[in-house]
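A.B. asks: Take this structure, written in structure tokens, and hold onto it; I'll ask about it next.
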8 protein chains.
Amino acid sequence: MKSQLEEILNKVHKGKLSPKDALQTLKDYPYQDLNFAKIDHQREVMKGLPEIIYGPGKTDSQIVSIAQEIIKKGSNLLITKVEKPSYEKIRKKIPRVLYNPQAKAIYLKQKKPPQGKGKIMVMTAGTSDIPVAEEAYVTADILGNEVEKIYDVGVAGLHRVLGEYEKIQQARVIIVVAGMEGALPSVVAGLAKIPIIAVPTSVGYGASFKGIAALLAMLNSCPGGVAVVNIDNGFGAAYLASLINHL
Amino acid sequence: MKSQLEEILNKVHKGKLSPKDALQTLKDYPYQDLNFAKIDHQREVMKGLPEIIYGPGKTDSQIVSIAQEIIKKGSNLLITKVEKPSYEKIRKKIPRVLYNPQAKAIYLKQKKPPQGKGKIMVMTAGTSDIPVAEEAYVTADILGNEVEKIYDVGVAGLHRVLGEYEKIQQARVIIVVAGMEGALPSVVAGLAKIPIIAVPTSVGYGASFKGIAALLAMLNSCPGGVAVVNIDNGFGAAYLASLINHL
Amino acid sequence: MKSQLEEILNKVHKGKLSPKDALQTLKDYPYQDLNFAKIDHQREVMKGLPEIIYGPGKTDSQIVSIAQEIIKKGSNLLITKVEKPSYEKIRKKIPRVLYNPQAKAIYLKQKKPPQGKGKIMVMTAGTSDIPVAEEAYVTADILGNEVEKIYDVGVAGLHRVLGEYEKIQQARVIIVVAGMEGALPSVVAGLAKIPIIAVPTSVGYGASFKGIAALLAMLNSCPGGVAVVNIDNGFGAAYLASLINHL
Amino acid sequence: MKSQLEEILNKVHKGKLSPKDALQTLKDYPYQDLNFAKIDHQREVMKGLPEIIYGPGKTDSQIVSIAQEIIKKGSNLLITKVEKPSYEKIRKKIPRVLYNPQAKAIYLKQKKPPQGKGKIMVMTAGTSDIPVAEEAYVTADILGNEVEKIYDVGVAGLHRVLGEYEKIQQARVIIVVAGMEGALPSVVAGLAKIPIIAVPTSVGYGASFKGIAALLAMLNSCPGGVAVVNIDNGFGAAYLASLINHL
Amino acid sequence: MKSQLEEILNKVHKGKLSPKDALQTLKDYPYQDLNFAKIDHQREVMKGLPEIIYGPGKTDSQIVSIAQEIIKKGSNLLITKVEKPSYEKIRKKIPRVLYNPQAKAIYLKQKKPPQGKGKIMVMTAGTSDIPVAEEAYVTADILGNEVEKIYDVGVAGLHRVLGEYEKIQQARVIIVVAGMEGALPSVVAGLAKIPIIAVPTSVGYGASFKGIAALLAMLNSCPGGVAVVNIDNGFGAAYLASLINHL
Amino acid sequence: MKSQLEEILNKVHKGKLSPKDALQTLKDYPYQDLNFAKIDHQREVMKGLPEIIYGPGKTDSQIVSIAQEIIKKGSNLLITKVEKPSYEKIRKKIPRVLYNPQAKAIYLKQKKPPQGKGKIMVMTAGTSDIPVAEEAYVTADILGNEVEKIYDVGVAGLHRVLGEYEKIQQARVIIVVAGMEGALPSVVAGLAKIPIIAVPTSVGYGASFKGIAALLAMLNSCPGGVAVVNIDNGFGAAYLASLINHL
Amino acid sequence: MKSQLEEILNKVHKGKLSPKDALQTLKDYPYQDLNFAKIDHQREVMKGLPEIIYGPGKTDSQIVSIAQEIIKKGSNLLITKVEKPSYEKIRKKIPRVLYNPQAKAIYLKQKKPPQGKGKIMVMTAGTSDIPVAEEAYVTADILGNEVEKIYDVGVAGLHRVLGEYEKIQQARVIIVVAGMEGALPSVVAGLAKIPIIAVPTSVGYGASFKGIAALLAMLNSCPGGVAVVNIDNGFGAAYLASLINHL
Amino acid sequence: MKSQLEEILNKVHKGKLSPKDALQTLKDYPYQDLNFAKIDHQREVMKGLPEIIYGPGKTDSQIVSIAQEIIKKGSNLLITKVEKPSYEKIRKKIPRVLYNPQAKAIYLKQKKPPQGKGKIMVMTAGTSDIPVAEEAYVTADILGNEVEKIYDVGVAGLHRVLGEYEKIQQARVIIVVAGMEGALPSVVAGLAKIPIIAVPTSVGYGASFKGIAALLAMLNSCPGGVAVVNIDNGFGAAYLASLINHL
């Protein structure tokens, strides 16, 4: 956009365009382009960050063509929630991409992203919550964060959470992933005065209502310092955690 | 805003500002101001239209001061969902305002708004739906529409709806207000191939769930041509109806 | 049971058992057996009625063995909600059974059931509601009722319902089957002062929420005379209609 | 309406109106009037039946004027869900009306309605369900039915329901009113092969969700012969029961 | 129908039928036929409009026979929500039909429908919303509207919406299709004072609850001028938009 | 009942009644009376237990008359969920009754109930949960249990729960009362292998949905040994705990 | 842990460590280890109890390796909710394991667990509830309980429940499994003053909402003594029942 | 605790207690006390931070006594969600406390808390959202943060949000408070790559369902970087924002 605006100003400067006509042009000038410029500028600052593709609802060939363009630009790449058969088709076209089968995420690191200041901890209550935690892990990693995982430390065996007390204190942000009764974020928030991002998972059956029970529990978390993202949204939790970790 | 932008361009024109510096200034220039200008311009075109205040969550004195400013500008005024005691306090400060007690709406017409092309019909299924219908009526009226009311023609007595067949055909848009089973919009949509805006009301008890039953019924309306606004949102229905009627 | 009780009384009569001991025996006597006797007696009166099997959650071989026992007793048979492949397996074992593929019901009439006094009308709003209506039809038929069907007369085309005005007046009970906005029972109840049993169906998408929209609409039906059964419960509607029709 | 149509035909007969012009007139003739005539005729047949006013959402003076008109016509009168203070204001204007304070119903019998054939039984699970049952009682009574009440026979004390076994068998229709877990209709339906109209009440707390628990239980009632009306809708249940009882 | 009514009037005119007997005949005359005539007449006016078949719940052969009849009449044809395998079977019988695979719509234009006055804009927030938007597109097109599409302009990248500012101003009606948080209609309604029909989609996961999140957001849209149709109901939105565009 | 049955048997014994006629009489004999007898007998065994009145939906005078009858019989008395003004009216009639203002329970111990074997622990997560816990306390106490209270030990301060570790081990049953995220029962169940009865409370706001969040969390409790009662149902929890403690 | 702590104390004793330094060490000492020790000790007491694996969300090979480790330790083994194909793969690796196909549970008893004091009764309302009941059966059995089953005694045929009156009285705890209207626990609780654990099942259709109807009914159960576990959670019910039975 | 532990160690040091006996004492030593020490220690570090009282469910006198104790300790004080009459009673006892009537928060700053590194921005969509925003403001302020407010910048007037573009870029964390459709967080997240904490409010009517619409919209927010707290939970948002701002 700069070039266009620059051109107008140059014309005014050179007397080829009257201020009045320039005004008219600018008034009709799509303001979003200015906006776009700003955001682009900001993007420039964030170099190294991945371009992220949300997989569902896109065909394999759509994903391939978007991904190829991103790779050509030299950006890092993250594609979330892609089933394995899709990955295999995509890999045939772009053999360099890697796949985290638990996270169901395709990724490619072409350059080192700017690193966050501390450590992001990813915790799960159970083993069934691991896929969502892995999505958070892959995302946080490619966004330039040191990530540590503590899996399967649900409140049923409190000693397991408490056994990680020291580690918990060392994190800068904690992502807590839990299904069923979703109690882990409350317990962790009671132990650590650090920002906690709670991710409810659709793990459970019956009255877990595909994650609603955990979601509501987390929203009602009594100790301060907990915020919640969408059910199974490991990506969103990691994205926010990375923003915090890069402050 | 123009003045500021004009000034910059004049400076460039007069050589007092280099195109590069101007570019810098403009890059940081709040783009929303451009936007604002446009919208303001648009407002100008819409002269005669009321400024609308949503009453709930505002104190009487807040309402009075906003209203006084609007009246000073010469605009028409509409304040929705104001209880009678509030109205009485407001009237002491602004004696000219009128009140529709069923609609719970305060209004003041200071100039004639641009008139819509046809007639807006406001129908209710029962007598208890009338307050919401009156809110629609007051709104449509002050927005510059001919409005006709057909009240209490629920599907329990089909002959009553059918008895209004001719009138229904003459409308340009129909607002159908109904609580309980919310069936009237479907029936009216079957009779008239005109845009129908359905307003579910919180009228009913038990499994009406304060309007959810009617809302769902209306969203699932089988005949084409029906769209739905929020429960008890007579204002919103009339606002949209007026936009359609002014096309 | 009679035999046991008879025996006790005979013993008392013959002086082989004191009234006091008999009393003790009877006090511990399972009261439900008396109950059972009564219910059995009642069954005797209802000869000709079918024994009904709810298909889901039963294996084909379970269904076959229950059905064979029923057939052996000479009873009529109705098996509801059985998919076609199951029917085909069952038919190999019990070749006489018939199948209504829309209703997904297996049935066998071995004797004529006592006939109801009037006509049961089964109406549907749309063609997609027909399977549920057919379940009602099959059930009402085997329970000994004259049944007439009026399908696809939704409120979108009101003239279609009105066109059946005369027929509607001739029914003794009406079963109205509708999905989506579930408005038909209200309209029919406005036309006919006869008992109406409304059956919401899971037909629809989005905010029909698999029949909840229709269910709520029907529960809130404004005209009197409407009661509702479970979503897709054509059987239950017909069973109740038959009880009414046999009064 | 007849007079108008008669007039047209007479004119055609006398040659004052050509068939073609008559056709034109009739084509535009509001068809609903024909409909109205039919319904009116039907009304004539139903003489003695009450006109019913749903109280909520109507002002006391609105109720008074509607009621006065009904009384003038000689009809029986039933006004449902009217709070006591309203009743007291209404009684000042219409001293003859009676009030059932539990049912919150105003009524006036001016002529004997046609009597139903059997007995309607009104049962409640608990004492808190009685107001809804009384609404059913008042309604069924004024609609011309013999009504018997069996209150407070919840499934917690099964012997109380069973103790009414004989009475239950003698009813023609049973209205079962229950809040909380709403289990009574299922139990009664297991005991009596008669039409059962289940009325969920908003009695309960917590997870009764103002009657939803009872409503869902009743809709899922396993024994056949149960249909459900809206939560707290004693009127609707009695209206339907009366229709059945008058068949 | 006219013929029958004409005949009666002719008989009365000729003295072959007394006014009284004619009255009797007419009183029993199915009023809906009159109604039907009117609607037919109205249909006549709307020549060129398609007959629309809602695909789900109909067998392929049912669709074929209905479609063949429509085509025989010379009408335009639209069949919504048909999966590709069904389309392929249908095409074998009716080779002329076309298929929009994203919209899952079969259509056939045999004559030019009456054209709407302005342009209908179809916008989507994301790429996954496109199938619903395409259903709207196909429908609006066959109903005789100029349609422009703006896809993938969600509020996450506000500059993309703002970049379409000028185009948005040129529309007569806007259909906004969005899943997830459903924020786009509110933003668009803030930019354009034109009727906006919001279509929530079932796109999203977790707490999107198959479109409920978007639906609720849209119903609560703060800027005036937005009405909502059922989740994924691209057809309904376009049908209403077309009605508005033809006013 | 015995007398009637005794009489019949005596008649048979004395030859005044044939076994066949006796059989007939007994077949028609209301079986519920036998049932009643059994239950009465069982009651006899349970002497000392209170008769319990659920307060809501009963008038003060109804409560007084039921309570007076119970007191006359010498039973212990418990009336739940009675507001203070009601209590004060009731006390005027029955001065001996006591009142727990937090539990909103009226009670009167006239005789010592049979004592449970161990200790019932009543825990709350917060201070706002205390009223429900007190209802549990009052109930468990009058049912003959040693009760210990541990209040305000929510998971936000895990050290507070852990600080009660020894006490927790000494209980025979634990009632855990919690609102908001309802996580405490899961944590306690992880610490103690004893039966735990979880009581969700309506404490909280927003997405606690009056106890639904806590209810769902508790139903999904991951560690074994937890069962749930209705929201705010302190009575029900204590009643079950007492049954367990008396085993 | 003891060794570490012992070492510190020995050092203090021997004067190698000052009390002050020991204090510092202990202050930083992970408290959870103490906790862990306690819990381990408790485990020791519970020898004979099975280690339980929740199957869903684990791969077959994960299950195999966990199971092999458990078997090596000599513990009893229970794996819940495992589909048959998974079982068959697992059996190839661990041929000794047994499978209950209805319960979908794999189990292996290597030593006799400590036996409960009384009998656990498992009742179902219908035949479709049996799989959940079987999960409860398998669990209760391997936890060391005498278990009796009473299946298919729903309230539709009350005589069937009543026919089990004597057996019911002999149980120490009753697990009642029911879908649809979930009325059985209320009825059983009315008959037996024993702890009752209600398990709602997802059996039913339409407004059963996959067990919500039954769940709500059970939570609102009017007779005392009923607590509820998650929908379809036969395991959880049996685990709690076993805790109660071992008191 | 230290004193007790110190004493034990001193005794061991002095040979008054054998290591073995000390071990025994420590093994039974409530491990939570160690835990408590740590947390206390941590508290010590956080000096200056307020002690926070959640007002609802506490009596005025309870609040007074807790507050007095906190004030005595020299801590800052924050009491949330206290109605004005309560405040007035509390002020009589503790005259120094201040009150924010919009936030309904009582507070008292006795010492300067440690300051956060950047600025927390608090934005609202409408004026009715201000009370919740003020709760966030009061909380963030007393927790030691520079806070800037931008109120009433809903998406209906996009230019207002865009007009704050520069300010938004300067924040370190943004709290976005919105009711109704809850779209503002998505728009802000699109503009600023900073952590955003979204607070849904119960502002709205009908299908806003007391904040559910906004809550769901926020959970489904498409742009990354948004997490959500409970409806109306201004406190929780500010607490988390402060944790982030103090990193």
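Residues are referred to by chain and number: the chain letter is A, B, ... according to the order shown in the structure tokens, the number counts from 1 in that chain, and ligands are numbered separately from 1 in the order shown.
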Fewer than 2 positions away in the same chain doesn't count, so skip those; otherwise give me all residues within 7 Å of region 99-113 of chain E, counting only C-alpha atoms, as a ChimeraX atom specification.
C.D. replies: /E:48-49,74-84,97,115,131-132,134-135,142-144
A.B. asks: Using the selection just defined, write its residues with N, CA and C atoms as a PDB file, in the first residue's frame.
C.D. replies:
ATOM      1  N   GLY E  48     -41.920 -18.622 -13.334  1.00  0.00           N
ATOM      2  CA  GLY E  48     -40.476 -18.481 -13.491  1.00  0.00           C
ATOM      3  C   GLY E  48     -39.751 -18.888 -12.221  1.00  0.00           C
ATOM      4  N   LEU E  49     -40.485 -18.824 -11.116  1.00  0.00           N
ATOM      5  CA  LEU E  49     -39.860 -19.205  -9.849  1.00  0.00           C
ATOM      6  C   LEU E  49     -39.678 -20.714  -9.816  1.00  0.00           C
ATOM      7  N   GLY E  74     -42.302 -27.301 -16.909  1.00  0.00           N
ATOM      8  CA  GLY E  74     -41.519 -26.185 -17.407  1.00  0.00           C
ATOM      9  C   GLY E  74     -40.950 -25.289 -16.326  1.00  0.00           C
ATOM     10  N   SER E  75     -41.127 -25.691 -15.079  1.00  0.00           N
ATOM     11  CA  SER E  75     -40.620 -24.869 -13.977  1.00  0.00           C
ATOM     12  C   SER E  75     -39.108 -25.030 -13.831  1.00  0.00           C
ATOM     13  N   ASN E  76     -38.514 -24.027 -13.180  1.00  0.00           N
ATOM     14  CA  ASN E  76     -37.133 -24.198 -12.743  1.00  0.00           C
ATOM     15  C   ASN E  76     -37.126 -25.109 -11.532  1.00  0.00           C
ATOM     16  N   LEU E  77     -35.990 -25.740 -11.287  1.00  0.00           N
ATOM     17  CA  LEU E  77     -35.922 -26.777 -10.258  1.00  0.00           C
ATOM     18  C   LEU E  77     -34.745 -26.519  -9.324  1.00  0.00           C
ATOM     19  N   LEU E  78     -34.988 -26.697  -8.026  1.00  0.00           N
ATOM     20  CA  LEU E  78     -33.897 -26.631  -7.050  1.00  0.00           C
ATOM     21  C   LEU E  78     -34.100 -27.733  -6.017  1.00  0.00           C
ATOM     22  N   ILE E  79     -33.092 -28.569  -5.867  1.00  0.00           N
ATOM     23  CA  ILE E  79     -33.152 -29.621  -4.852  1.00  0.00           C
ATOM     24  C   ILE E  79     -31.986 -29.389  -3.896  1.00  0.00           C
ATOM     25  N   THR E  80     -32.291 -29.194  -2.606  1.00  0.00           N
ATOM     26  CA  THR E  80     -31.239 -28.821  -1.660  1.00  0.00           C
ATOM     27  C   THR E  80     -30.758 -30.017  -0.841  1.00  0.00           C
ATOM     28  N   LYS E  81     -29.550 -29.885  -0.359  1.00  0.00           N
ATOM     29  CA  LYS E  81     -28.926 -30.837   0.560  1.00  0.00           C
ATOM     30  C   LYS E  81     -28.987 -32.280   0.041  1.00  0.00           C
ATOM     31  N   VAL E  82     -28.462 -32.477  -1.180  1.00  0.00           N
ATOM     32  CA  VAL E  82     -28.379 -33.802  -1.793  1.00  0.00           C
ATOM     33  C   VAL E  82     -26.913 -34.215  -1.863  1.00  0.00           C
ATOM     34  N   GLU E  83     -26.590 -35.350  -1.312  1.00  0.00           N
ATOM     35  CA  GLU E  83     -25.209 -35.827  -1.374  1.00  0.00           C
ATOM     36  C   GLU E  83     -24.847 -36.218  -2.808  1.00  0.00           C
ATOM     37  N   LYS E  84     -23.543 -36.241  -3.088  1.00  0.00           N
ATOM     38  CA  LYS E  84     -23.093 -36.495  -4.457  1.00  0.00           C
ATOM     39  C   LYS E  84     -23.561 -37.842  -5.007  1.00  0.00           C
ATOM     40  N   VAL E  97     -29.917 -32.009 -15.356  1.00  0.00           N
ATOM     41  CA  VAL E  97     -29.736 -31.275 -14.094  1.00  0.00           C
ATOM     42  C   VAL E  97     -28.264 -30.994 -13.822  1.00  0.00           C
ATOM     43  N   GLN E 115     -36.380 -10.771 -12.361  1.00  0.00           N
ATOM     44  CA  GLN E 115     -35.149 -10.358 -11.691  1.00  0.00           C
ATOM     45  C   GLN E 115     -35.390  -9.400 -10.519  1.00  0.00           C
ATOM     46  N   PRO E 131     -19.693 -23.912   2.031  1.00  0.00           N
ATOM     47  CA  PRO E 131     -20.812 -24.744   1.555  1.00  0.00           C
ATOM     48  C   PRO E 131     -22.181 -24.118   1.830  1.00  0.00           C
ATOM     49  N   VAL E 132     -22.352 -23.570   3.023  1.00  0.00           N
ATOM     50  CA  VAL E 132     -23.637 -22.940   3.340  1.00  0.00           C
ATOM     51  C   VAL E 132     -23.848 -21.700   2.479  1.00  0.00           C
ATOM     52  N   GLU E 134     -22.645 -21.239  -0.466  1.00  0.00           N
ATOM     53  CA  GLU E 134     -22.936 -21.665  -1.835  1.00  0.00           C
ATOM     54  C   GLU E 134     -24.394 -22.085  -1.981  1.00  0.00           C
ATOM     55  N   GLU E 135     -24.953 -22.695  -0.945  1.00  0.00           N
ATOM     56  CA  GLU E 135     -26.390 -23.018  -0.990  1.00  0.00           C
ATOM     57  C   GLU E 135     -27.191 -21.737  -1.133  1.00  0.00           C
ATOM     58  N   ILE E 142     -31.069 -18.856  -8.711  1.00  0.00           N
ATOM     59  CA  ILE E 142     -32.201 -19.447  -9.444  1.00  0.00           C
ATOM     60  C   ILE E 142     -33.507 -18.702  -9.158  1.00  0.00           C
ATOM     61  N   LEU E 143     -33.506 -17.951  -8.042  1.00  0.00           N
ATOM     62  CA  LEU E 143     -34.695 -17.140  -7.739  1.00  0.00           C
ATOM     63  C   LEU E 143     -34.652 -15.800  -8.462  1.00  0.00           C
ATOM     64  N   GLY E 144     -33.598 -15.576  -9.275  1.00  0.00           N
ATOM     65  CA  GLY E 144     -33.565 -14.377 -10.103  1.00  0.00           C
ATOM     66  C   GLY E 144     -32.892 -13.187  -9.462  1.00  0.00           C
TER      67      GLY E 144
END
A.B. asks: Taking the backbone alone, and naming residues the way the document does, which bits of region 35-220 of chain F are alpha helix (DSSP H) by DSSP, as number ranges by chain?
C.D. replies: F: 35-45, 60-72, 84-93, 130-142, 158-162, 165-170, 184-191, 212-219
A.B. asks: When the cut-off is 6 Å and we count only C-alpha atoms, which residues of chain F are near chain G, given as a list in words?
C.D. replies: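 Every residue of chain F that passes the 6 Å test is in Pro195, Leu219, Gly224, Gly225, Ala227, Val228, Val229, Asn230, Gly236, Tyr239, Leu240 and Leu243 of chain F.
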A.B. asks: Could you please take those selected residues and save N, CA and C atoms as a JSON list (two decimals), in the first residue's frame?
C.D. replies:
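Once everything was written out, this is part_36.json:
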[["chain", "number", "residue", "atom", "x", "y", "z"],
["F", 195, "PRO", "N", -16.76, -44.22, 51.45],
["F", 195, "PRO", "CA", -17.86, -43.71, 50.62],
["F", 195, "PRO", "C", -17.99, -42.20, 50.76],
["F", 219, "LEU", "N", -20.48, -35.56, 39.06],
["F", 219, "LEU", "CA", -20.89, -36.77, 38.36],
["F", 219, "LEU", "C", -19.73, -37.36, 37.57],
["F", 224, "GLY", "N", -12.75, -43.21, 42.12],
["F", 224, "GLY", "CA", -13.95, -43.96, 42.48],
["F", 224, "GLY", "C", -14.46, -43.58, 43.86],
["F", 225, "GLY", "N", -15.68, -43.99, 44.15],
["F", 225, "GLY", "CA", -16.20, -43.84, 45.50],
["F", 225, "GLY", "C", -17.06, -42.64, 45.74],
["F", 227, "ALA", "N", -20.67, -40.60, 44.92],
["F", 227, "ALA", "CA", -21.99, -40.53, 44.32],
["F", 227, "ALA", "C", -22.57, -39.17, 44.67],
["F", 228, "VAL", "N", -23.56, -38.76, 43.94],
["F", 228, "VAL", "CA", -24.02, -37.39, 43.97],
["F", 228, "VAL", "C", -25.51, -37.34, 44.31],
["F", 229, "VAL", "N", -25.91, -36.32, 45.06],
["F", 229, "VAL", "CA", -27.34, -36.08, 45.28],
["F", 229, "VAL", "C", -27.72, -34.74, 44.63],
["F", 230, "ASN", "N", -28.95, -34.37, 44.73],
["F", 230, "ASN", "CA", -29.46, -33.17, 44.07],
["F", 230, "ASN", "C", -28.74, -31.91, 44.59],
["F", 236, "GLY", "N", -30.75, -35.07, 51.80],
["F", 236, "GLY", "CA", -30.63, -36.34, 51.10],
["F", 236, "GLY", "C", -29.27, -36.99, 51.32],
["F", 239, "TYR", "N", -29.18, -38.35, 54.85],
["F", 239, "TYR", "CA", -30.06, -39.51, 54.99],
["F", 239, "TYR", "C", -29.34, -40.76, 54.48],
["F", 240, "LEU", "N", -28.72, -40.64, 53.29],
["F", 240, "LEU", "CA", -27.99, -41.77, 52.73],
["F", 240, "LEU", "C", -26.78, -42.10, 53.60],
["F", 243, "LEU", "N", -27.88, -44.06, 56.52],
["F", 243, "LEU", "CA", -28.16, -45.46, 56.15],
["F", 243, "LEU", "C", -26.87, -46.26, 56.10]]
A.B. asks: Applying 9 Å and only C-alpha atoms, which residues near Ala125 (chain B) remain after dropping the ones on its own chain fewer than 6 positions away? List them as number ranges by chain.
C.D. replies: B: 151-156, 176-179, 182-184
A.B. asks: Mind listing the strand (DSSP E) residues of region 73-237 of chain E, per DSSP on the backbone, as an NGL selection string?
C.D. replies: :E and (76-80 or 98-100 or 105-108 or 119-124 or 146-150 or 173-178 or 196-200 or 226-228)
A.B. asks: I'd like the neighbourhood of region 60-64 of chain A as a PyMOL selection string, where a residue qualifies if any of its atoms comes within 12 Å (using only C-alpha atoms), though same-chain residues fewer than 3 positions away should be ignored.
C.D. replies: (chain A and resi 52-57+67-71+77-95+97+106) or (chain E and resi 127-128)
